[in-house]
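Colleague: So here's my_file11.txt, just compact mmCIF, C-alpha atoms:
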# COMPACT_ATOMS: atom_id res chain seq x y z
CA MET A 285 164.36 -86.56 104.81
CA THR A 286 165.57 -83.66 102.71
CA SER A 287 163.81 -82.83 99.49
CA THR A 288 164.77 -84.89 96.46
CA ALA A 289 162.75 -82.89 93.94
CA ASP A 290 165.90 -82.44 91.84
CA ARG A 291 166.41 -86.22 91.45
CA PRO A 292 164.21 -88.62 89.51
CA GLY A 293 162.50 -91.47 91.30
CA ARG A 294 163.60 -95.04 90.81
CA LEU A 295 161.71 -98.25 90.17
CA LEU A 296 163.16 -100.76 92.65
CA ALA A 297 162.41 -104.41 93.31
CA ILE A 298 163.09 -106.85 96.11
CA SER A 299 161.99 -110.36 96.97
CA ASP A 300 162.46 -113.01 99.62
CA LEU A 301 162.41 -110.67 102.61
CA HIS A 302 161.55 -113.57 104.97
CA ILE A 303 161.14 -111.22 107.92
CA GLY A 304 160.50 -114.10 110.30
CA TYR A 305 164.28 -113.99 110.67
CA ALA A 306 165.30 -111.18 113.04
CA GLU A 307 168.21 -110.17 110.79
CA ASN A 308 165.91 -109.74 107.79
CA ARG A 309 163.31 -107.85 109.81
CA ALA A 310 166.06 -105.45 110.91
CA LEU A 311 167.04 -104.91 107.27
CA VAL A 312 163.45 -104.03 106.34
CA GLU A 313 163.30 -101.67 109.31
CA GLU A 314 166.30 -99.83 107.86
CA MET A 315 165.06 -99.70 104.24
CA ARG A 316 164.47 -96.18 103.02
CA PRO A 317 163.92 -94.71 99.57
CA GLU A 318 166.58 -92.39 98.23
CA THR A 319 164.06 -90.09 96.56
CA ASP A 320 160.52 -88.98 97.34
CA ASP A 321 159.33 -90.67 94.15
CA ASP A 322 160.87 -94.17 94.52
CA TRP A 323 158.57 -97.12 93.87
CA LEU A 324 159.17 -100.56 95.37
CA LEU A 325 158.08 -103.87 93.90
CA VAL A 326 157.88 -106.57 96.58
CA ALA A 327 158.00 -109.83 94.66
CA GLY A 328 157.00 -112.43 97.16
CA ASP A 329 158.12 -114.37 100.20
CA VAL A 330 157.70 -111.47 102.61
CA ALA A 331 156.78 -113.74 105.54
CA GLU A 332 154.75 -116.75 106.63
CA THR A 333 152.27 -115.04 108.96
CA VAL A 334 149.70 -112.37 108.17
CA ALA A 335 150.92 -110.23 111.09
CA ASP A 336 154.47 -110.20 109.70
CA ILE A 337 153.25 -109.55 106.16
CA ARG A 338 151.18 -106.63 107.46
CA TRP A 339 154.14 -105.20 109.39
CA ALA A 340 156.48 -105.36 106.39
CA LEU A 341 154.07 -103.94 103.83
CA GLU A 342 152.82 -101.25 106.22
CA THR A 343 156.40 -100.24 107.01
CA LEU A 344 157.40 -100.08 103.35
CA SER A 345 154.22 -98.40 102.08
CA ALA A 346 154.70 -95.60 104.61
CA ARG A 347 158.10 -94.86 103.09
CA PHE A 348 157.90 -95.43 99.34
CA ARG A 349 155.76 -93.46 96.88
CA LYS A 350 154.18 -96.72 95.70
CA VAL A 351 154.53 -100.33 96.81
CA ILE A 352 153.47 -103.13 94.48
CA TRP A 353 153.15 -106.68 95.86
CA ALA A 354 152.93 -110.08 94.24
CA PRO A 355 152.71 -113.10 96.54
CA GLY A 356 155.30 -115.78 96.84
CA ASN A 357 154.54 -119.23 98.11
CA HIS A 358 155.37 -118.32 101.73
CA GLU A 359 152.57 -115.73 101.99
CA LEU A 360 150.12 -118.39 100.85
CA TRP A 361 151.14 -120.93 103.49
CA THR A 362 148.69 -121.70 106.26
CA HIS A 363 151.50 -121.84 108.79
CA PRO A 364 150.87 -123.56 112.13
CA LYS A 365 152.21 -120.44 113.95
CA ASP A 366 149.81 -118.06 112.17
CA THR A 367 146.66 -116.98 113.99
CA VAL A 368 145.02 -116.47 110.57
CA THR A 369 144.03 -119.97 109.48
CA LEU A 370 142.55 -119.10 106.08
CA ARG A 371 143.55 -121.44 103.28
CA GLY A 372 144.00 -121.16 99.52
CA VAL A 373 141.93 -118.58 97.69
CA ALA A 374 140.43 -117.23 100.93
CA ARG A 375 143.93 -116.54 102.28
CA TYR A 376 145.00 -114.84 99.05
CA GLU A 377 141.86 -112.67 99.04
CA HIS A 378 142.52 -111.76 102.68
CA LEU A 379 146.03 -110.62 101.75
CA VAL A 380 144.70 -108.61 98.80
CA ALA A 381 142.24 -106.86 101.16
CA LEU A 382 145.10 -106.18 103.59
CA CYS A 383 147.19 -104.65 100.80
CA ARG A 384 144.33 -102.45 99.67
CA GLU A 385 143.88 -101.24 103.25
CA LEU A 386 147.57 -100.26 103.22
CA GLY A 387 147.48 -98.68 99.75
CA VAL A 388 149.65 -101.44 98.28
CA THR A 389 148.95 -102.47 94.68
CA THR A 390 148.23 -106.18 94.08
CA PRO A 391 147.83 -108.49 91.08
CA GLU A 392 144.08 -107.87 91.35
CA ASP A 393 144.42 -104.11 90.79
CA PRO A 394 144.87 -102.16 87.55
CA TYR A 395 148.53 -102.17 86.56
CA PRO A 396 150.18 -98.92 87.59
CA VAL A 397 152.23 -97.07 85.00
CA TRP A 398 155.74 -96.00 85.95
CA GLU A 399 156.35 -92.60 84.35
CA GLY A 400 159.88 -92.13 85.67
CA PRO A 401 163.21 -92.89 83.96
CA GLY A 402 162.81 -95.67 81.41
CA GLY A 403 159.03 -95.20 81.36
CA PRO A 404 156.29 -95.14 80.66
CA VAL A 405 155.95 -98.82 81.47
CA ALA A 406 153.08 -100.79 82.96
CA VAL A 407 154.12 -102.69 86.06
CA ALA A 408 152.25 -106.01 86.07
CA PRO A 409 152.48 -107.92 89.35
CA LEU A 410 151.42 -111.39 88.30
CA PHE A 411 150.14 -114.19 90.51
CA LEU A 412 149.94 -117.41 88.55
CA LEU A 413 151.22 -119.94 91.08
CA TYR A 414 153.37 -122.69 89.58
CA ASP A 415 153.14 -126.26 88.44
CA TYR A 416 155.47 -129.21 88.16
CA SER A 417 156.81 -128.36 84.69
CA PHE A 418 160.35 -128.41 86.09
CA LEU A 419 161.10 -131.92 87.23
CA PRO A 420 164.24 -133.68 88.41
CA ALA A 421 166.27 -135.39 85.69
CA GLY A 422 164.73 -138.71 84.76
CA CYS A 423 161.23 -137.81 86.03
CA ALA A 424 158.38 -137.35 83.58
CA THR A 425 155.40 -136.71 85.89
CA LYS A 426 154.56 -134.87 89.08
CA GLU A 427 154.16 -138.20 90.85
CA GLU A 428 157.64 -139.33 89.79
CA GLY A 429 159.10 -135.99 90.85
CA LEU A 430 157.45 -136.16 94.27
CA ALA A 431 158.56 -139.77 94.73
CA TYR A 432 162.10 -138.68 93.91
CA ALA A 433 161.85 -135.78 96.39
CA HIS A 434 160.56 -138.07 99.13
CA GLY A 435 163.40 -140.51 98.37
CA THR A 436 165.98 -137.76 98.89
CA GLY A 437 164.25 -136.44 102.01
CA VAL A 438 163.87 -132.98 100.45
CA VAL A 439 160.18 -132.21 99.92
CA CYS A 440 158.93 -128.65 99.44
CA THR A 441 157.02 -127.32 102.45
CA ASP A 442 154.31 -126.26 99.99
CA GLU A 443 153.25 -129.91 99.87
CA HIS A 444 152.11 -129.55 103.49
CA VAL A 445 151.02 -125.94 104.06
CA LEU A 446 150.11 -124.33 100.70
CA HIS A 447 146.48 -125.39 100.32
CA PRO A 448 144.60 -124.84 97.04
CA ASP A 449 141.10 -124.57 98.56
CA PRO A 450 138.54 -124.54 97.01
CA TYR A 451 140.42 -126.10 94.09
CA PRO A 452 141.29 -129.80 94.20
CA SER A 453 145.00 -129.14 93.57
CA ARG A 454 147.54 -126.34 93.23
CA GLU A 455 147.70 -127.18 89.52
CA ALA A 456 143.95 -126.56 89.19
CA TRP A 457 144.31 -123.24 91.04
CA CYS A 458 147.23 -122.39 88.77
CA ARG A 459 145.17 -123.15 85.64
CA ALA A 460 142.36 -120.94 86.98
CA ARG A 461 144.79 -118.09 87.62
CA VAL A 462 146.29 -118.38 84.14
CA ALA A 463 142.80 -118.43 82.58
Show this structure as structure tokens.
Modeller:
Amino acid sequence: MTSTADRPGRLLAISDLHIGYAENRALVEEMRPETDDDWLLVAGDVAETVADIRWALETLSARFRKVIWAPGNHELWTHPKDTVTLRGVARYEHLVALCRELGVTTPEDPYPVWEGPGGPVAVAPLFLLYDYSFLPAGCATKEEGLAYAHGTGVVCTDEHVLHPDPYPSREAWCRARVA
């Protein structure tokens, strides 16, 4: 790569890499910064397995000045094809440790400050999970929303593989994160 000292870095963001798909993995393989000072925010849904998450974040952190990660629901899945069977908080903490090993900033780290164009600005990768505040029309509770989903045959995979351990529910884990 030729020197880009004459050009300012950029603050870039991407999400939903889903590198379990060969086409998406190839796109990540080709991703390169345009300047030596480009930062990349990776806003969730990198992959479903720890090995794939590691590959993607290791690949990107070797190329960009700084990589900042916030998990999506797919990283938190305990997928049947993953050799890492950690669930809930233990899985999240494992991913945070992986990121730190790779030099990737996480929601558990101090917020980095972007000093480039448009800065200074603190970049805050948040991990708060989600709840059932957004329900289908005519549904007033989580139970009604899930019943509706089951009736349509479209139920989020999170209901089966995103475990809240040690919390009794994802809502309880969400409340703890917000607190």
Colleague: For Gly400 of chain A, find every residue with an atom within 8 Å (counting all atoms listed in the file), except residues of its own chain fewer than 5 positions away, and show them as a PyMOL selection string.
Modeller: chain A and resi 292-295
Colleague: Can you tell me, as a ChimeraX atom specification, what residues are no more than 7 Å from segment 425-437 of chain A when counting only C-alpha atoms, ignoring any on the same chain fewer than 3 positions away?
Modeller: /A:416,419-420
Colleague: Atom CA of Pro409 of chain A and atom CA of Tyr395 of chain A are how many Å apart?
Modeller: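 Result for atom CA of Pro409 of chain A versus atom CA of Tyr395 of chain A: 7.5 Å, one decimal.
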Colleague: Of the residues A:Arg384, A:Tyr376, A:Arg459, A:Arg291, which is the one nearest to Glu342 of chain A, using all atoms listed in the file?
Modeller: A:Arg384
Colleague: Distance table requested - segment 338-424 of chain A against segment 303-309 of chain A, cut-off 12 Å, only C-alpha atoms: one row per qualifying residue with the closest atom pair and its distance in Å to one decimal, ordered by chain and rising residue number, as a Markdown table.
Modeller:
| residue | atom | partner | partner_atom | distance |
| --- | --- | --- | --- | --- |
| A:Arg338 | CA | A:Ile303 | CA | 11.0 |
| A:Trp339 | CA | A:Ile303 | CA | 9.3 |
| A:Ala340 | CA | A:Ile303 | CA | 7.6 |
| A:Leu341 | CA | A:Ile303 | CA | 10.9 |
| A:Thr343 | CA | A:Arg309 | CA | 10.7 |
| A:Leu344 | CA | A:Arg309 | CA | 11.7 |
| A:His358 | CA | A:Gly304 | CA | 10.8 |
| A:Glu359 | CA | A:Ile303 | CA | 11.4 |
| A:His363 | CA | A:Gly304 | CA | 12.0 |
| A:Lys365 | CA | A:Gly304 | CA | 11.1 |
| A:Asp366 | CA | A:Gly304 | CA | 11.6 |
Colleague: Nearest to Arg371 of chain A among A:Arg347, A:Arg461, A:Arg454, A:Arg316, with distances taken over all atoms listed in the file: which residue is it?
Modeller: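 Looking at the shortest contact to Arg371 of chain A, the residue is A:Arg454.
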Colleague: Under the rule that only C-alpha atoms are counted, which of A:Val445, A:Leu413, A:Ala406, A:Leu325 is the nearest residue to Arg349 of chain A?
Modeller: A:Leu325
Colleague: Which of these residues is nearest to Pro364 of chain A, using only C-alpha atoms: A:Val397, A:His444, A:Gly402, A:Ala421?
Modeller: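 Checking each candidate against Pro364 of chain A, we get A:His444 as the closest.
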Colleague: From the options A:Asp320, A:Asp329, A:Glu385, A:Asp290, which residue's atoms come nearest to Ala354 of chain A, counting all atoms listed in the file?
Modeller: A:Asp329
Colleague: May I ask which of the residues A:Thr389, A:Thr319, A:Thr369, A:Ser453 is the closest one to Ile352 of chain A, counting only C-alpha atoms?
Modeller: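 Closest candidate: A:Thr389.
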Colleague: In Å, rounded to a single decimal, give me how far atom CA of His302 of chain A is from atom CA of Ala331 of chain A.
Modeller: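 Computing the Euclidean distance for atom CA of Ala331 of chain A and atom CA of His302 of chain A yields 4.8 Å.
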Colleague: Quote the spacing between atom CA of Ile298 of chain A and atom CA of Asp442 of chain A in Å to one decimal place.
Modeller: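 Taking atom CA of Ile298 of chain A and atom CA of Asp442 of chain A, their separation equals 21.7 Å.
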Colleague: Taking (158.2, -97.3, 99.9) in the file's coordinates as the center, which residues reach within 7 Å of it, counting all atoms listed in the file, put as number ranges by chain?
Modeller: A: 317, 322-324, 344-351
Colleague: Using all atoms of segment 366-372 of chain A listed in the file and a margin of 6 Å per side, can you give the axis-aligned box centre and edge lengths in Å to one decimal, as AutoDock Vina command-line options?
Modeller:
--center_x 146.2 --center_y -119.0 --center_z 106.8 --size_x 19.3 --size_y 17.0 --size_z 26.5
